[in-house]
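See below for protein20.txt, which holds compact mmCIF, C-alpha atoms.
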# COMPACT_ATOMS: atom_id res chain seq x y z
CA MET V 11 152.12 -6.58 -92.14
CA LYS V 12 149.42 -9.09 -91.49
CA LEU V 13 150.23 -12.60 -92.68
CA THR V 14 147.65 -14.94 -93.93
CA LYS V 15 147.35 -18.30 -92.32
CA LYS V 16 148.89 -19.98 -95.36
CA ALA V 17 151.87 -17.59 -95.46
CA ALA V 18 152.55 -18.10 -91.75
CA THR V 19 152.61 -21.83 -92.25
CA LEU V 20 155.14 -21.58 -95.10
CA LEU V 21 157.39 -19.24 -93.08
CA LEU V 22 157.45 -21.64 -90.09
CA ALA V 23 158.37 -24.56 -92.33
CA ALA V 24 161.26 -22.63 -93.90
CA SER V 25 162.57 -21.65 -90.47
CA LEU V 26 162.66 -25.26 -89.28
CA ALA V 27 164.49 -26.34 -92.43
CA VAL V 28 167.23 -23.74 -91.88
CA SER V 29 167.57 -24.80 -88.20
CA VAL V 30 168.06 -28.44 -89.14
CA CYS V 31 170.67 -27.62 -91.78
CA ALA V 32 172.64 -25.50 -89.29
CA MET V 33 173.12 -28.37 -86.79
CA PRO V 34 176.79 -29.58 -86.62
CA VAL V 35 177.58 -33.08 -87.95
CA PHE V 36 179.82 -35.28 -85.73
CA ALA V 37 181.86 -38.31 -86.86
CA ASP V 38 181.09 -41.73 -85.35
CA VAL V 39 184.10 -42.14 -82.97
CA PRO V 40 184.51 -45.62 -81.42
CA THR V 41 185.15 -45.86 -77.69
CA SER V 42 188.28 -47.63 -76.44
CA ASN V 43 189.91 -48.60 -73.15
CA THR V 44 192.94 -46.49 -72.25
CA ALA V 45 194.99 -49.69 -71.73
CA SER V 46 194.13 -51.18 -75.10
CA ALA V 47 195.83 -50.97 -78.45
CA THR V 48 194.80 -48.35 -81.03
CA GLY V 49 191.21 -49.09 -81.96
CA THR V 50 189.50 -49.01 -85.36
CA LYS V 51 185.97 -48.10 -86.25
CA VAL V 52 183.79 -51.18 -85.91
CA THR V 53 181.27 -51.27 -88.75
CA ASN V 54 180.37 -54.94 -89.05
CA VAL V 55 178.89 -57.44 -86.63
CA GLY V 56 181.59 -59.91 -85.55
CA GLN V 57 184.48 -57.54 -86.21
CA ASN V 58 186.96 -57.51 -83.27
CA THR V 59 190.15 -55.92 -82.04
CA GLN V 60 192.88 -57.42 -79.87
CA THR V 61 195.51 -56.28 -77.36
CA LYS V 62 197.58 -58.03 -74.68
CA THR V 63 198.27 -58.18 -70.94
CA ASP V 64 201.78 -59.13 -69.76
CA ILE V 65 201.81 -61.75 -66.98
CA GLU V 66 204.87 -61.99 -64.71
CA TYR V 67 206.00 -63.92 -61.62
CA VAL V 68 209.60 -63.67 -60.44
CA VAL V 69 211.15 -66.47 -58.35
CA GLU V 70 214.62 -65.62 -57.02
CA ALA V 71 217.23 -68.39 -57.20
CA SER V 72 218.55 -69.56 -53.82
CA TYR V 73 219.68 -72.64 -51.90
CA ASN V 74 221.09 -73.69 -48.53
CA TRP V 75 223.89 -76.23 -48.22
CA SER V 76 226.14 -77.69 -45.55
CA VAL V 77 228.99 -80.20 -45.26
CA PRO V 78 230.66 -82.18 -42.47
CA VAL V 79 232.14 -79.84 -39.87
CA LYS V 80 235.03 -82.07 -38.79
CA ILE V 81 236.28 -85.55 -39.53
CA THR V 82 238.45 -87.04 -36.76
CA PHE V 83 240.58 -90.15 -37.24
CA THR V 84 241.97 -92.03 -34.24
CA SER V 85 244.37 -94.92 -33.78
CA ASP V 86 241.33 -97.20 -33.84
CA THR V 87 239.14 -95.33 -36.31
CA VAL V 88 240.62 -94.78 -39.75
CA SER V 89 237.29 -94.83 -41.61
CA VAL V 90 234.46 -92.36 -40.96
CA THR V 91 231.10 -92.47 -42.74
CA THR V 92 228.85 -89.41 -42.60
CA ASP V 93 225.25 -89.46 -41.41
CA GLY V 94 222.36 -87.02 -40.88
CA THR V 95 221.94 -83.37 -41.77
CA SER V 96 223.82 -81.63 -38.95
CA GLY V 97 226.88 -82.07 -36.77
CA ASN V 98 230.57 -82.87 -37.25
CA THR V 99 230.03 -85.90 -39.44
CA GLN V 100 226.86 -84.86 -41.26
CA ASN V 101 226.17 -85.66 -44.89
CA VAL V 102 226.58 -83.09 -47.62
CA TYR V 103 223.09 -81.58 -47.45
CA VAL V 104 221.20 -79.21 -49.75
CA SER V 105 217.84 -77.71 -48.71
CA ASN V 106 215.43 -74.98 -49.83
CA HIS V 107 216.79 -75.56 -53.30
CA VAL V 108 215.24 -73.13 -55.84
CA ILE V 109 217.20 -72.74 -59.09
CA PRO V 110 216.42 -72.18 -62.81
CA ASN V 111 215.22 -75.10 -64.89
CA ASP V 112 218.27 -74.95 -67.18
CA LYS V 113 220.74 -75.18 -64.28
CA LYS V 114 221.88 -77.72 -61.69
CA LEU V 115 223.72 -77.23 -58.41
CA GLN V 116 227.12 -78.91 -58.47
CA ILE V 117 229.21 -79.49 -55.34
CA THR V 118 232.90 -80.40 -55.71
CA VAL V 119 235.69 -81.03 -53.20
CA ASP V 120 239.38 -80.11 -53.17
CA SER V 121 242.08 -80.01 -50.47
CA ASN V 122 244.53 -77.44 -49.15
CA THR V 123 247.04 -80.25 -48.55
CA THR V 124 247.85 -82.95 -51.10
CA THR V 125 250.35 -85.72 -51.63
CA SER V 126 252.76 -85.75 -54.56
CA SER V 127 253.35 -88.55 -57.01
CA ALA V 128 256.82 -89.59 -58.15
CA GLY V 129 256.47 -87.12 -61.00
CA GLY V 130 255.76 -84.28 -58.59
CA THR V 131 252.06 -84.00 -59.38
CA ASP V 132 249.67 -83.39 -56.48
CA ASN V 133 247.02 -86.05 -56.78
CA GLU V 134 245.68 -87.22 -53.41
CA PHE V 135 243.90 -85.72 -50.41
CA ALA V 136 246.25 -85.48 -47.44
CA ILE V 137 246.71 -84.27 -43.87
CA GLU V 138 250.09 -83.04 -42.64
CA ALA V 139 252.22 -82.69 -39.50
CA HIS V 140 255.69 -81.10 -39.64
CA GLY V 141 256.12 -81.96 -43.31
CA ALA V 142 254.96 -85.55 -42.91
CA LYS V 143 251.83 -86.35 -44.88
CA LEU V 144 249.16 -89.02 -44.60
CA LYS V 145 246.86 -89.77 -47.50
CA TYR V 146 243.11 -90.09 -47.13
CA GLU V 147 240.38 -90.85 -49.62
CA ILE V 148 236.87 -89.46 -49.97
CA SER V 149 234.21 -91.71 -51.46
CA LYS V 150 230.53 -91.06 -52.15
CA LYS V 151 227.76 -93.58 -51.71
CA ASN V 152 225.92 -94.67 -54.83
CA GLY V 153 222.16 -94.59 -54.44
CA THR V 154 220.69 -96.81 -51.75
CA GLY V 155 223.28 -99.58 -52.09
CA GLU V 156 226.45 -100.14 -50.12
CA ASP V 157 228.88 -99.29 -52.92
CA PHE V 158 231.08 -96.20 -52.68
CA THR V 159 232.88 -94.45 -55.53
CA LYS V 160 236.17 -92.65 -54.98
CA VAL V 161 236.08 -88.87 -55.48
CA GLU V 162 239.18 -87.38 -57.10
CA LEU V 163 240.65 -83.99 -56.20
CA LYS V 164 238.26 -81.30 -57.47
CA GLY V 165 235.82 -84.11 -58.21
CA THR V 166 232.04 -83.88 -58.02
CA VAL V 167 230.46 -84.91 -54.73
CA MET V 168 226.82 -84.23 -55.59
CA GLU V 169 224.57 -82.62 -58.21
CA VAL V 170 221.03 -81.40 -57.55
CA VAL V 171 218.74 -80.63 -60.48
CA SER V 172 216.06 -77.96 -60.58
CA GLY V 173 212.76 -78.90 -58.96
CA VAL V 174 214.34 -81.00 -56.18
CA LYS V 175 213.78 -79.27 -52.83
CA GLU V 176 216.43 -81.13 -50.79
CA GLN V 177 219.05 -83.82 -51.27
CA GLN V 178 221.77 -85.56 -49.25
CA GLN V 179 225.02 -87.31 -50.10
CA ILE V 180 226.71 -89.82 -47.78
CA LEU V 181 230.52 -89.64 -47.81
CA LYS V 182 233.21 -91.96 -46.49
CA PHE V 183 236.65 -90.75 -45.37
CA ASP V 184 239.42 -93.39 -45.25
CA LEU V 185 242.89 -92.68 -43.82
CA THR V 186 246.03 -94.53 -44.96
CA LYS V 187 248.60 -94.88 -42.15
CA ASP V 188 252.36 -95.13 -42.52
CA THR V 189 252.56 -98.75 -41.42
CA GLY V 190 254.20 -101.89 -42.69
CA THR V 191 257.25 -104.03 -42.15
CA ASN V 192 259.80 -102.11 -40.08
CA VAL V 193 257.89 -98.84 -40.67
CA SER V 194 256.92 -96.67 -37.74
CA GLU V 195 254.36 -93.88 -37.71
CA LYS V 196 255.65 -90.35 -37.33
CA ALA V 197 254.18 -88.62 -34.28
CA GLY V 198 252.32 -85.37 -34.69
CA SER V 199 248.90 -83.71 -34.94
CA TYR V 200 248.00 -84.19 -38.57
CA SER V 201 245.53 -81.75 -40.08
CA GLY V 202 244.23 -80.43 -43.35
CA VAL V 203 241.16 -78.86 -44.91
CA ALA V 204 238.77 -80.38 -47.43
CA VAL V 205 237.42 -77.46 -49.44
CA PHE V 206 233.90 -77.85 -50.83
CA THR V 207 232.60 -75.59 -53.60
CA ALA V 208 228.97 -75.19 -54.71
CA GLN V 209 228.05 -73.54 -58.00
CA LEU V 210 225.28 -73.46 -60.58
CA VAL V 211 226.24 -75.06 -63.88
CA ALA V 212 224.37 -75.80 -67.08
CA ALA V 213 221.99 -78.74 -66.85
CA THR V 214 223.01 -81.36 -69.39
For the file at hand, write its structure as structure tokens.
Amino acid sequence: MKLTKKAATLLLAASLAVSVCAMPVFADVPTSNTASATGTKVTNVGQNTQTKTDIEYVVEASYNWSVPVKITFTSDTVSVTTDGTSGNTQNVYVSNHVIPNDKKLQITVDSNTTTSSAGGTDNEFAIEAHGAKLKYEISKKNGTGEDFTKVELKGTVMEVVSGVKEQQQILKFDLTKDTGTNVSEKAGSYSGVAVFTAQLVAAT
């Protein structure tokens, strides 16, 4: 069948209309980063979405510390003051000190040998030889002055707060001899152990 020019034009127009109507319609899906929170369709200028990035840095707690290796009294030397950061008579010394902000490092001192009061209570540092005991005292220096404060058994020698890299504490050891009117010393090699303990405690 031969189409007229007008009929051919109408047929072409109808064909195009059907083709357009048959095209699939897709929703407007917003793009989003795989690491972001669930997104929403942005329809207005200035509309925004938010998500978060966790930031972390872990610092492990640690510290180094040392105490006098040996304190030796002699017939002429009954008072020994510590000095420096190494050796037999070094200071109590803390270095590379890295601890939490809500803690402090506390160092205390006790003894494996003590004297007894009249009531039977152990209350003084002591060294011993064959059952005979000699008392000694430990004192810590206060600041930069010359004053020393006596440290009791299990008393605190030094405290180091967070943020301080290193710190020292000068100690003084004083021996009390058995001397006096008509009193003779008892011979022997007197010995004992001062036991230092370091621990983290709450910062107050």
(message) If I take atom CA of Gln116 of chain V and atom CA of Ile81 of chain V, how far is one from the other in Å, to one decimal?
(response)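 Computing it gives 22.1 Å between the two atoms.
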List the neighbours of Tyr200 of chain V out to 12 Å using only C-alpha atoms; skip same-chain residues closer than 2 positions along the sequence, and give me the result as a short mmCIF file (atom, residue, chain, number, x, y, z; two decimals) with C-alpha atoms, in the frame of the given file.
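Produced file selection_28.cif, reproduced below:
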data_model
loop_
_atom_site.label_atom_id
_atom_site.label_comp_id
_atom_site.auth_asym_id
_atom_site.auth_seq_id
_atom_site.Cartn_x
_atom_site.Cartn_y
_atom_site.Cartn_z
CA ILE V 81 236.28 -85.55 -39.53
CA THR V 82 238.45 -87.04 -36.76
CA PHE V 83 240.58 -90.15 -37.24
CA THR V 84 241.97 -92.03 -34.24
CA THR V 123 247.04 -80.25 -48.55
CA ALA V 136 246.25 -85.48 -47.44
CA ILE V 137 246.71 -84.27 -43.87
CA GLU V 138 250.09 -83.04 -42.64
CA ALA V 139 252.22 -82.69 -39.50
CA HIS V 140 255.69 -81.10 -39.64
CA GLY V 141 256.12 -81.96 -43.31
CA ALA V 142 254.96 -85.55 -42.91
CA LYS V 143 251.83 -86.35 -44.88
CA LEU V 144 249.16 -89.02 -44.60
CA LYS V 145 246.86 -89.77 -47.50
CA TYR V 146 243.11 -90.09 -47.13
CA LEU V 185 242.89 -92.68 -43.82
CA LYS V 187 248.60 -94.88 -42.15
CA GLU V 195 254.36 -93.88 -37.71
CA LYS V 196 255.65 -90.35 -37.33
CA ALA V 197 254.18 -88.62 -34.28
CA GLY V 198 252.32 -85.37 -34.69
CA GLY V 202 244.23 -80.43 -43.35
CA VAL V 203 241.16 -78.86 -44.91
#
(request) Using only C-alpha atoms, find the one residue out of V:Leu115, V:Val102, V:Ile180, V:Ala204 that sits nearest to Glu147 of chain V. (result)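 Counting only C-alpha atoms, the residue closest to Glu147 of chain V is V:Ala204.
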(request) For atom CA of Asp184 of chain V and atom CA of Val88 of chain V, determine how far apart the two atoms are, in Å to one decimal place. (result) 5.8 Å
(request) Would you work out the distance separating atom CA of Asp120 of chain V from atom CA of Glu176 of chain V, expressed in Å to one decimal? (result)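 So the answer is 23.1 Å.
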(message) Would you pick out the contacts of Gln177 of chain V at 10 Å or less, using all atoms listed in the file, so that residues sharing its chain but fewer than 3 positions from it are not included, and give the list as a list in words?
(response)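 In the requested form, the answer reads Trp75, Thr95, Asn101, Val102, Tyr103, Val104, Ser105, Asn106, His107, Met168, Glu169, Val170, Val171 and Val174 of chain V.
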(message) For a quick check of understanding, using all atoms listed in the file, which of V:Val161, V:Ser149, V:Gln209, V:Thr214 has the smallest distance to Phe183 of chain V?
(response)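 The answer is V:Ser149, which sits nearest to Phe183 of chain V.
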(message) Which residues are near Thr124 of chain V? Cut-off 7 Å, only C-alpha atoms, ignore same chain within fewer than 5 positions. Put them as a count of residues only.
(response) 5
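Of the listed residues V:Thr186, V:Gln178, V:Thr87, V:Asn152, the one whose atoms come nearest to Thr125 of chain V is V:Thr186, with distances taken using only C-alpha atoms.
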(request) Determine, counting all atoms listed in the file, which protein, DNA and RNA residues have an atom within 10 Å of an atom of Thr159 of chain V; residues of the same chain fewer than 6 positions away are not included. Present the result as a ChimeraX atom specification. (result) /V:148-152,167,181-182
Per residue of segment 81-155 of chain V within 9 Å of segment 55-69 of chain V, what are the shortest atom pair and its distance in Å to one decimal, counting all atoms listed in the file, with rows by chain and residue number, as JSON lines?
{"residue": "V:Val108", "atom": "CA", "partner": "V:Val69", "partner_atom": "CA", "distance": 8.2}
{"residue": "V:Ile109", "atom": "CA", "partner": "V:Val69", "partner_atom": "CA", "distance": 8.7}
{"residue": "V:Pro110", "atom": "CA", "partner": "V:Val69", "partner_atom": "CA", "distance": 9.0}
Return the padded bounding box of segment 73-84 of chain V as JSON: axis-aligned, built from all atoms listed in the file, 6 Å added on each side, with centre and edge lengths in Å to one decimal.
{"center_x": 230.8, "center_y": -82.3, "center_z": -43.1, "size_x": 34.3, "size_y": 31.4, "size_z": 29.7}
Where atoms are lacking, segment 152-178 of chain V completed to N, CA, C and O atoms, as a short mmCIF file (atom, residue, chain, number, x, y, z; two decimals), keeping the file's coordinate frame:
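Wrote out-v1.cif, looks like this:
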data_model
loop_
_atom_site.label_atom_id
_atom_site.label_comp_id
_atom_site.auth_asym_id
_atom_site.auth_seq_id
_atom_site.Cartn_x
_atom_site.Cartn_y
_atom_site.Cartn_z
N ASN V 152 226.74 -94.61 -53.62
CA ASN V 152 225.92 -94.67 -54.83
C ASN V 152 224.51 -95.13 -54.52
O ASN V 152 224.30 -96.28 -54.13
N GLY V 153 223.55 -94.23 -54.64
CA GLY V 153 222.16 -94.59 -54.44
C GLY V 153 221.89 -95.17 -53.07
O GLY V 153 222.42 -94.70 -52.07
N THR V 154 221.07 -96.21 -53.04
CA THR V 154 220.69 -96.81 -51.75
C THR V 154 221.52 -98.05 -51.43
O THR V 154 221.34 -98.68 -50.41
N GLY V 155 222.45 -98.40 -52.32
CA GLY V 155 223.28 -99.58 -52.09
C GLY V 155 224.43 -99.30 -51.15
O GLY V 155 224.54 -98.23 -50.56
N GLU V 156 225.32 -100.26 -51.02
CA GLU V 156 226.45 -100.14 -50.12
C GLU V 156 227.73 -99.74 -50.84
O GLU V 156 228.77 -99.57 -50.22
N ASP V 157 227.68 -99.61 -52.15
CA ASP V 157 228.88 -99.29 -52.92
C ASP V 157 229.25 -97.82 -52.80
O ASP V 157 228.38 -96.94 -52.78
N PHE V 158 230.55 -97.56 -52.71
CA PHE V 158 231.08 -96.20 -52.68
C PHE V 158 232.01 -96.01 -53.87
O PHE V 158 232.74 -96.94 -54.25
N THR V 159 232.00 -94.80 -54.42
CA THR V 159 232.88 -94.45 -55.53
C THR V 159 233.86 -93.38 -55.09
O THR V 159 233.45 -92.36 -54.51
N LYS V 160 235.13 -93.60 -55.37
CA LYS V 160 236.17 -92.65 -54.98
C LYS V 160 235.97 -91.31 -55.68
O LYS V 160 235.67 -91.26 -56.87
N VAL V 161 236.17 -90.23 -54.93
CA VAL V 161 236.08 -88.87 -55.48
C VAL V 161 237.50 -88.33 -55.64
O VAL V 161 238.27 -88.30 -54.67
N GLU V 162 237.85 -87.93 -56.84
CA GLU V 162 239.18 -87.38 -57.10
C GLU V 162 239.25 -85.94 -56.61
O GLU V 162 238.23 -85.31 -56.31
N LEU V 163 240.48 -85.40 -56.52
CA LEU V 163 240.65 -83.99 -56.20
C LEU V 163 239.86 -83.14 -57.19
O LEU V 163 239.90 -83.38 -58.40
N LYS V 164 239.13 -82.18 -56.69
CA LYS V 164 238.26 -81.30 -57.47
C LYS V 164 237.14 -82.07 -58.14
O LYS V 164 236.50 -81.59 -59.08
N GLY V 165 236.89 -83.29 -57.63
CA GLY V 165 235.82 -84.11 -58.21
C GLY V 165 234.45 -83.73 -57.68
O GLY V 165 234.31 -83.04 -56.66
N THR V 166 233.43 -84.19 -58.38
CA THR V 166 232.04 -83.88 -58.02
C THR V 166 231.54 -84.80 -56.91
O THR V 166 231.61 -86.02 -57.02
N VAL V 167 231.03 -84.17 -55.86
CA VAL V 167 230.46 -84.91 -54.73
C VAL V 167 228.97 -85.15 -54.95
O VAL V 167 228.45 -86.24 -54.70
N MET V 168 228.27 -84.12 -55.43
CA MET V 168 226.82 -84.23 -55.59
C MET V 168 226.34 -83.20 -56.60
O MET V 168 226.90 -82.11 -56.72
N GLU V 169 225.25 -83.54 -57.31
CA GLU V 169 224.57 -82.62 -58.21
C GLU V 169 223.08 -82.66 -57.90
O GLU V 169 222.52 -83.74 -57.70
N VAL V 170 222.46 -81.49 -57.86
CA VAL V 170 221.03 -81.40 -57.55
C VAL V 170 220.36 -80.63 -58.69
O VAL V 170 220.72 -79.48 -58.95
N VAL V 171 219.41 -81.26 -59.34
CA VAL V 171 218.74 -80.63 -60.48
C VAL V 171 217.62 -79.72 -60.01
O VAL V 171 217.16 -79.81 -58.86
N SER V 172 217.16 -78.86 -60.89
CA SER V 172 216.06 -77.96 -60.58
C SER V 172 214.80 -78.75 -60.27
O SER V 172 214.54 -79.80 -60.86
N GLY V 173 214.01 -78.24 -59.32
CA GLY V 173 212.76 -78.90 -58.96
C GLY V 173 212.88 -79.83 -57.77
O GLY V 173 211.87 -80.27 -57.23
N VAL V 174 214.12 -80.15 -57.36
CA VAL V 174 214.34 -81.00 -56.18
C VAL V 174 214.56 -80.08 -54.98
O VAL V 174 215.50 -79.29 -54.96
N LYS V 175 213.71 -80.19 -53.97
CA LYS V 175 213.78 -79.27 -52.83
C LYS V 175 214.98 -79.53 -51.94
O LYS V 175 215.64 -78.59 -51.47
N GLU V 176 215.29 -80.81 -51.65
CA GLU V 176 216.43 -81.13 -50.79
C GLU V 176 217.05 -82.45 -51.21
O GLU V 176 216.37 -83.31 -51.80
N GLN V 177 218.33 -82.60 -50.89
CA GLN V 177 219.05 -83.82 -51.27
C GLN V 177 220.26 -83.99 -50.36
O GLN V 177 220.85 -83.01 -49.91
N GLN V 178 220.63 -85.25 -50.10
CA GLN V 178 221.77 -85.56 -49.25
C GLN V 178 222.76 -86.47 -49.98
O GLN V 178 222.38 -87.20 -50.89
#
